[in-house]
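**Q** Please find work.txt (compact mmCIF, C-alpha atoms) on the next line:
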# COMPACT_ATOMS: atom_id res chain seq x y z
CA MET A 1 98.45 115.19 129.61
CA THR A 2 95.90 113.63 127.25
CA LYS A 3 98.20 114.32 124.27
CA ILE A 4 101.15 112.69 126.08
CA ARG A 5 99.11 109.57 126.85
CA THR A 6 97.92 109.44 123.24
CA LEU A 7 101.48 109.77 121.87
CA VAL A 8 102.85 107.10 124.21
CA ALA A 9 100.04 104.74 123.24
CA ALA A 10 100.65 105.36 119.55
CA LEU A 11 104.40 104.78 119.79
CA SER A 12 103.88 101.63 121.88
CA ALA A 13 101.41 100.29 119.34
CA ALA A 14 103.82 101.01 116.49
CA ALA A 15 106.62 99.20 118.30
CA LEU A 16 104.41 96.15 118.75
CA GLY A 17 103.27 96.24 115.14
CA VAL A 18 99.62 96.85 116.00
CA VAL A 19 97.28 99.71 115.16
CA ALA A 20 95.45 101.66 117.86
CA MET A 21 91.67 101.77 117.45
CA PRO A 22 89.92 105.14 117.08
CA THR A 23 88.98 106.85 120.32
CA PRO A 24 85.30 106.24 121.14
CA LEU A 25 82.87 109.15 121.49
CA SER A 26 83.51 110.61 124.92
CA ALA A 27 84.07 113.79 126.88
CA ASP A 28 87.25 114.38 128.86
CA ALA A 29 89.45 117.12 130.27
CA ALA A 30 90.56 118.18 126.77
CA GLY A 31 87.13 119.59 125.93
CA GLY A 32 83.61 118.60 125.01
CA LEU A 33 82.07 115.57 123.41
CA VAL A 34 83.99 114.03 120.51
CA LEU A 35 81.80 114.25 117.40
CA PHE A 36 84.15 113.18 114.60
CA SER A 37 87.60 111.60 114.71
CA PRO A 38 88.66 110.10 111.36
CA THR A 39 91.88 108.14 111.19
CA PRO A 40 93.98 107.19 108.16
CA PRO A 41 93.89 103.49 107.28
CA PRO A 42 96.91 101.52 108.58
CA VAL A 43 98.34 100.97 105.13
CA THR A 44 100.17 103.30 102.77
CA GLY A 45 98.34 104.43 99.66
CA VAL A 46 95.49 106.57 98.36
CA VAL A 47 92.64 107.18 100.81
CA THR A 48 90.59 109.10 98.26
CA ASN A 49 91.14 111.55 95.41
CA GLU A 50 89.40 113.65 92.81
CA PHE A 51 89.27 110.67 90.44
CA ALA A 52 86.93 108.87 92.85
CA PHE A 53 84.80 112.02 93.09
CA TRP A 54 84.46 112.61 89.36
CA ASN A 55 84.42 108.90 88.38
CA PRO A 56 82.58 107.14 91.23
CA ARG A 57 82.06 103.89 89.34
CA LEU A 58 85.68 103.56 88.23
CA GLY A 59 87.12 104.81 91.52
CA ALA A 60 84.64 103.12 93.86
CA SER A 61 87.39 101.37 95.83
CA ARG A 62 88.79 104.79 96.79
CA ILE A 63 85.55 106.41 97.96
CA SER A 64 86.00 107.35 101.61
CA GLY A 65 83.27 107.25 104.21
CA ASP A 66 84.79 110.30 105.92
CA TRP A 67 86.15 112.54 103.16
CA THR A 68 85.38 113.66 99.65
CA MET A 69 87.56 115.79 97.40
CA ASN A 70 87.03 117.43 94.03
CA SER A 71 90.69 118.38 93.57
CA GLY A 72 93.86 116.61 94.60
CA SER A 73 94.67 113.36 96.38
CA VAL A 74 95.00 112.34 100.01
CA PHE A 75 97.11 109.39 101.11
CA SER A 76 97.80 107.36 104.21
CA ALA A 77 101.52 107.52 104.94
CA THR A 78 103.87 106.45 107.72
CA THR A 79 105.56 109.12 109.85
CA PRO A 80 107.58 108.94 113.09
CA LEU A 81 104.25 109.32 114.92
CA GLY A 82 102.53 106.53 113.00
CA TYR A 83 100.08 106.69 110.12
CA SER A 84 99.09 110.19 109.03
CA TYR A 85 97.13 111.72 106.22
CA TYR A 86 99.39 113.09 103.46
CA SER A 87 98.69 115.43 100.54
CA GLY A 88 101.18 113.81 98.19
CA ASN A 89 103.59 115.66 95.92
CA ILE A 90 102.78 119.08 94.50
CA ASP A 91 101.83 118.75 90.85
CA ASP A 92 99.06 119.74 88.45
CA ASN A 93 98.62 116.35 86.75
CA ASN A 94 95.19 114.71 86.76
CA PRO A 95 95.30 111.54 88.91
CA ASP A 96 94.02 108.10 88.04
CA ALA A 97 92.29 105.86 90.60
CA LEU A 98 95.55 105.32 92.53
CA SER A 99 97.08 108.76 91.79
CA ARG A 100 99.83 107.18 89.77
CA GLY A 101 101.75 109.73 87.73
CA GLY A 102 100.06 112.68 89.39
CA THR A 103 98.16 113.91 92.43
CA HIS A 104 96.80 117.31 91.34
CA SER A 105 97.44 118.30 94.96
CA ALA A 106 98.84 121.69 93.95
CA ILE A 107 95.17 122.52 94.53
CA PHE A 108 94.01 120.31 97.39
CA ARG A 109 90.31 120.57 98.28
CA MET A 110 88.86 118.04 100.73
CA THR A 111 85.66 118.22 102.77
CA SER A 112 83.98 115.99 105.33
CA ARG A 113 80.98 114.00 104.19
CA ARG A 114 79.23 115.05 107.37
CA ASP A 115 77.78 118.56 107.19
CA ASP A 116 76.23 118.96 110.65
CA PHE A 117 79.08 120.83 112.37
CA ARG A 118 78.16 124.20 113.90
CA ASP A 119 79.44 125.11 117.38
CA VAL A 120 82.58 122.98 117.38
CA THR A 121 86.28 122.94 118.11
CA VAL A 122 88.49 121.33 115.47
CA ASN A 123 91.82 119.97 116.70
CA MET A 124 94.58 118.72 114.43
CA ALA A 125 98.34 118.30 114.19
CA LEU A 126 99.93 119.66 111.02
CA SER A 127 103.37 119.28 109.47
CA ILE A 128 104.50 121.17 106.37
CA ALA A 129 106.96 119.20 104.23
CA GLY A 130 107.45 122.03 101.74
CA PHE A 131 105.97 124.68 99.48
CA GLY A 132 106.20 124.66 95.70
CA ALA A 133 104.53 125.80 92.50
CA THR A 134 103.51 124.47 89.10
CA GLU A 135 103.05 125.94 85.67
CA SER A 136 99.32 126.35 86.29
CA THR A 137 99.66 127.36 89.97
CA PRO A 138 102.39 130.00 90.37
CA ALA A 139 103.61 130.72 93.89
CA LYS A 140 101.52 133.09 96.02
CA THR A 141 102.25 134.56 99.44
CA TRP A 142 99.07 132.96 100.80
CA ASP A 143 99.96 129.45 99.61
CA GLY A 144 99.55 127.02 102.47
CA VAL A 145 96.99 125.00 104.43
CA HIS A 146 93.60 126.44 105.35
CA LEU A 147 90.71 124.98 107.34
CA TRP A 148 87.12 125.35 106.11
CA LEU A 149 84.44 125.77 108.80
CA ARG A 150 80.66 125.62 108.38
CA TYR A 151 81.32 124.88 104.71
CA GLN A 152 78.11 125.33 102.70
CA ASN A 153 79.68 125.13 99.23
CA ASP A 154 82.74 126.43 97.41
CA ARG A 155 81.26 129.95 97.44
CA HIS A 156 80.09 130.13 101.04
CA THR A 157 82.28 129.14 104.01
CA TYR A 158 84.48 130.33 106.85
CA TYR A 159 88.19 129.98 106.19
CA ALA A 160 91.00 129.80 108.75
CA SER A 161 94.52 130.09 107.32
CA LEU A 162 96.79 128.00 109.54
CA ALA A 163 100.11 127.68 107.73
CA ARG A 164 100.98 130.06 104.91
CA ARG A 165 104.12 130.59 102.87
CA ASP A 166 104.39 134.11 104.30
CA GLY A 167 103.95 132.97 107.93
CA ARG A 168 100.67 134.80 108.44
CA VAL A 169 97.50 133.58 110.16
CA VAL A 170 94.08 135.02 109.28
CA ILE A 171 90.34 134.31 109.46
CA LYS A 172 88.20 134.96 106.39
CA LYS A 173 84.71 134.36 105.07
CA LYS A 174 83.77 133.55 101.50
CA CYS A 175 80.43 134.93 100.33
CA PRO A 176 78.45 134.06 97.19
CA GLY A 177 78.97 136.42 94.27
CA GLY A 178 82.33 137.46 92.90
CA TRP A 179 85.21 136.45 90.68
CA VAL A 180 86.78 133.71 92.82
CA ASN A 181 84.94 130.60 91.63
CA GLY A 182 81.66 132.46 92.01
CA GLY A 183 82.48 133.98 95.40
CA SER A 184 84.48 136.68 97.13
CA TYR A 185 86.70 136.63 100.23
CA HIS A 186 86.29 139.01 103.16
CA GLU A 187 88.81 139.26 105.98
CA LEU A 188 87.26 138.92 109.44
CA SER A 189 90.56 139.43 111.27
CA GLU A 190 93.84 141.13 110.62
CA GLU A 191 96.62 139.09 109.05
CA VAL A 192 98.82 138.24 112.03
CA ASP A 193 102.49 137.85 111.06
CA GLY A 194 105.20 135.84 112.75
CA PHE A 195 103.91 132.26 112.51
CA PRO A 196 106.12 130.48 109.95
CA MET A 197 106.00 126.69 109.73
CA ARG A 198 109.41 125.08 109.92
CA ARG A 199 109.52 122.07 107.61
CA ASN A 200 108.77 118.66 109.05
CA LEU A 201 107.92 120.08 112.47
CA TRP A 202 104.52 119.15 113.90
CA LYS A 203 102.32 121.90 115.30
CA ASP A 204 99.00 121.51 117.10
CA PHE A 205 96.09 123.71 116.00
CA SER A 206 92.67 124.25 117.51
CA VAL A 207 89.94 126.28 115.79
CA THR A 208 86.58 127.05 117.40
CA THR A 209 83.36 128.46 115.93
CA ARG A 210 80.41 129.50 118.11
CA ASN A 211 77.14 131.33 117.55
CA ASN A 212 76.63 134.35 119.79
CA PRO A 213 73.25 135.36 121.27
CA ASP A 214 73.17 138.50 119.08
CA GLY A 215 73.35 136.44 115.87
CA SER A 216 77.06 136.99 115.23
CA VAL A 217 79.63 134.19 114.96
CA ALA A 218 82.85 134.01 116.96
CA ILE A 219 85.92 132.23 115.55
CA GLN A 220 89.25 131.64 117.23
CA ILE A 221 92.52 129.99 116.17
CA LYS A 222 94.96 128.52 118.68
CA ARG A 223 98.42 127.24 117.85
CA GLU A 224 100.24 125.10 120.42
CA GLY A 225 97.52 126.06 122.91
CA ASP A 226 97.97 129.82 122.51
CA VAL A 227 95.40 132.12 120.90
CA VAL A 228 96.89 133.65 117.74
CA VAL A 229 93.84 135.36 116.23
CA SER A 230 90.13 135.78 116.95
CA ALA A 231 87.25 137.32 115.03
CA VAL A 232 83.55 138.05 115.38
CA ASP A 233 81.46 138.07 112.22
CA HIS A 234 78.54 140.51 112.44
CA GLY A 235 77.78 140.19 108.73
CA VAL A 236 80.86 141.23 106.75
CA GLY A 237 80.18 140.70 103.03
CA CYS A 238 77.09 138.60 103.71
CA ALA A 239 75.06 137.39 106.69
CA PRO A 240 76.93 135.40 109.36
CA ILE A 241 76.98 131.68 108.62
CA THR A 242 75.01 130.52 111.64
CA GLN A 243 73.83 127.21 110.19
CA PRO A 244 75.85 123.98 110.42
CA GLY A 245 78.06 122.85 107.58
CA ALA A 246 80.90 120.56 106.58
CA LEU A 247 84.55 120.89 107.54
CA GLY A 248 87.43 120.71 105.13
CA LEU A 249 91.03 121.41 104.24
CA ARG A 250 92.32 123.53 101.39
CA GLY A 251 95.96 123.24 100.35
CA ASP A 252 97.73 125.48 97.85
CA ASN A 253 101.16 124.56 96.51
CA SER A 254 101.80 122.77 99.79
CA ARG A 255 103.06 119.30 100.64
CA PHE A 256 101.79 118.48 104.11
CA TYR A 257 100.84 115.82 106.64
CA PHE A 258 98.05 115.99 109.19
CA ARG A 259 96.88 113.68 111.95
CA ASP A 260 94.80 113.62 115.13
CA PHE A 261 91.96 115.39 113.34
CA GLU A 262 89.23 115.60 115.94
CA VAL A 263 85.98 117.55 116.21
CA ARG A 264 84.46 118.27 119.62
CA THR A 265 81.56 120.32 120.90
CA ALA A 266 82.80 123.90 121.09
CA ALA A 267 85.21 125.06 123.72
CA ALA A 268 84.78 128.48 125.31
CA ILE A 269 86.19 131.45 123.42
CA GLY A 270 87.92 133.87 125.79
Show me the file's structure as structure tokens.
**A**
Amino acid sequence: MTKIRTLVAALSAAALGVVAMPTPLSADAAGGLVLFSPTPPPVTGVVTNEFAFWNPRLGASRISGDWTMNSGSVFSATTPLGYSYYSGNIDDNNPDALSRGGTHSAIFRMTSRRDDFRDVTVNMALSIAGFGATESTPAKTWDGVHLWLRYQNDRHTYYASLARRDGRVVIKKKCPGGWVNGGSYHELSEEVDGFPMRRNLWKDFSVTTRNNPDGSVAIQIKREGDVVVSAVDHGVGCAPITQPGALGLRGDNSRFYFRDFEVRTAAAIG
């Protein structure tokens, strides 16, 4: 019911030519206390990109208070539901301050500036516009959109694959030490097949992480309100990541939109 009210309000605001203000911190029937709820600016264009990260003085106007990214570009774009975040086209060209002539979003890596998220539920709506490939990023079966949880650094994080080229959903952990940018991936769940993303169709996702009394970490992915995969990390590959961290999105050879990104205190994991 909350989602219906939110959608009606958004469509009404769009019809009137006004922009709805972000929801204030509150608790309601949808879950716990809202901790983080970034919204795209109500104007089309670059929100932030890797140019602003690597060239902060030259790209100062594109430094976001919510997000930072060391690869790719993220835009604010209009969709039938209003303004949404958008990855831009799939290419491997280095962007300038406004991502003119290239986005480098074939490898999209974006994290929250806040890094105090531990026992939380992350909600978001996701729409895949298409998969692709470039000369430097050939197509892989696991290309898609993945959510980082308790992100410590690019070698140490939980990793929830939400929308892959092969239609599989999986929960992983990346541990320091290895050949993948200084780390190695360890599967915490089986790869669950049968969840393809039809193009330009919005799907709601909810991912929860919680510490357990025995020192393990429970992780669960829901799609459209249904549990699709769960895992408990007792220390696969390295110790469970029990400390708080950032959140983020990783995109591989994917053109996608996301909106209604919201972080709440953790829901129960059944």
**Q** Return the single residue from A:Thr242, A:Asn181, A:Asn123, A:Ser87 that is closest to Leu162 of chain A, with distances computed using only C-alpha atoms.
**A** A:Asn123
**Q** Taking a cut-off of 8 Å and counting all atoms listed in the file, can you build a table that, for each residue of segment 149-183 of chain A near segment 212-234 of chain A, reports the nearest atom pair and how far apart they are in Å (one decimal), sorted by chain then residue number, as a Markdown table?
**A**
| residue | atom | partner | partner_atom | distance |
| --- | --- | --- | --- | --- |
| A:Ala160 | CA | A:Ile221 | CA | 7.6 |
| A:Val169 | CA | A:Val229 | CA | 7.3 |
| A:Val170 | CA | A:Val229 | CA | 7.0 |
| A:Ile171 | CA | A:Ala231 | CA | 7.0 |
**Q** Okay, now the selection with C-alpha atoms, as a compact mmCIF listing (two decimals), keeping the file's coordinate frame?
**A**
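Writing done, so here's part.txt:
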# COMPACT_ATOMS: atom_id res chain seq x y z
CA ALA A 160 91.00 129.80 108.75
CA VAL A 169 97.50 133.58 110.16
CA VAL A 170 94.08 135.02 109.28
CA ILE A 171 90.34 134.31 109.46
**Q** Have a look at atom CA of Tyr85 of chain A and atom CA of Leu33 of chain A and let me know their distance in Å, one decimal.
**A**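 These atoms are spaced 23.2 Å apart.
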**Q** Which is closest to Arg164 of chain A among A:Ala52, A:Ile128, A:Leu188, A:Leu98, if we use only C-alpha atoms?
**A**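 Looking only at the distances to Arg164 of chain A, the closest residue turns out to be A:Ile128.
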**Q** Tell me, in Å to one decimal, how far atom CA of Arg150 of chain A is from atom CA of Val120 of chain A.
**A**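 For atom CA of Arg150 of chain A relative to atom CA of Val120 of chain A, the distance reads 9.6 Å.
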**Q** In the coordinates of the file, take the point (100.1, 106.5, 100.2) and a cut-off of 8 Å; then, counting all atoms listed in the file, name each qualifying protein, DNA or RNA residue as a PyMOL selection string.
**A** chain A and resi 43-47+74-77+86+88
**Q** Kindly export the residues of the current selection with C-alpha atoms, as a PDB file, keeping the file's coordinate frame.
**A**
ATOM      1  CA  VAL A  43      98.340 100.970 105.130  1.00  0.00           C
ATOM      2  CA  THR A  44     100.170 103.300 102.770  1.00  0.00           C
ATOM      3  CA  GLY A  45      98.340 104.430  99.660  1.00  0.00           C
ATOM      4  CA  VAL A  46      95.490 106.570  98.360  1.00  0.00           C
ATOM      5  CA  VAL A  47      92.640 107.180 100.810  1.00  0.00           C
ATOM      6  CA  VAL A  74      95.000 112.340 100.010  1.00  0.00           C
ATOM      7  CA  PHE A  75      97.110 109.390 101.110  1.00  0.00           C
ATOM      8  CA  SER A  76      97.800 107.360 104.210  1.00  0.00           C
ATOM      9  CA  ALA A  77     101.520 107.520 104.940  1.00  0.00           C
ATOM     10  CA  TYR A  86      99.390 113.090 103.460  1.00  0.00           C
ATOM     11  CA  GLY A  88     101.180 113.810  98.190  1.00  0.00           C
TER      12      GLY A  88
END
**Q** Could you give me, as a PyMOL selection string, the residues within 9 Å of segment 247-253 of chain A, counting only C-alpha atoms and dropping anything in the same chain fewer than 3 positions from it?
**A** chain A and resi 67+87+90-91+105-115+117+122+130-134+137-140+142-151+256
**Q** With distances taken over all atoms listed in the file, which residue among A:Gly167, A:Gly59, A:Gly178, A:Gly72 lies nearest Arg255 of chain A?
**A**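 Answer, going by the shortest atom-to-atom distance: A:Gly72.
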**Q** With distances taken over only C-alpha atoms, which of A:Tyr185, A:Phe195, A:Phe261, A:Phe53 is nearest to Thr121 of chain A?
**A**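 Looking only at the distances to Thr121 of chain A, the closest residue turns out to be A:Phe261.
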**Q** With all atoms listed in the file as the atoms that count, which of A:His156, A:Trp54, A:Ala129, A:Arg168 lies nearest to Val180 of chain A?
**A** A:His156
**Q** Which residue is closest to Arg165 of chain A? Choose from A:Trp202, A:Thr48, A:Gly177, A:Ser254 and count only C-alpha atoms.
**A**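 Once distances to Arg165 of chain A are computed over only C-alpha atoms, the minimum belongs to A:Ser254.
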**Q** List the neighbours of Gly101 of chain A out to 12 Å using only C-alpha atoms; skip same-chain residues closer than 5 positions along the sequence, and give me the result as JSON, numbers by chain.
**A** {"A": [73, 88, 89, 90, 91, 92, 93, 94, 95, 96]}
**Q** Write out as a ChimeraX atom specification which residues come within 9 Å of His186 of chain A when counting only C-alpha atoms, dropping same-chain ones fewer than 3 positions away.
**A** /A:171-175,236-237
**Q** Box for segment 218-227 of chain A - axis-aligned, 5 Å on each of the six sides, all listed atoms - centre and size in Å to one decimal, as JSON.
**A**
{"center_x": 91.5, "center_y": 129.6, "center_z": 119.2, "size_x": 27.4, "size_y": 18.9, "size_z": 17.4}
**Q** Quote the spacing between atom CA of Ser84 of chain A and atom CA of Glu191 of chain A in Å to one decimal place.
**A**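 Atom CA of Ser84 of chain A sits 29.0 Å away from atom CA of Glu191 of chain A.
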**Q** If we count all atoms listed in the file, what is near Ala97 of chain A at a cut-off of 8 Å, once residues fewer than 3 positions away on the same chain are taken out, given as a VMD selection string?
**A** chain A and resid 49 51 to 52 58 to 59 62 100
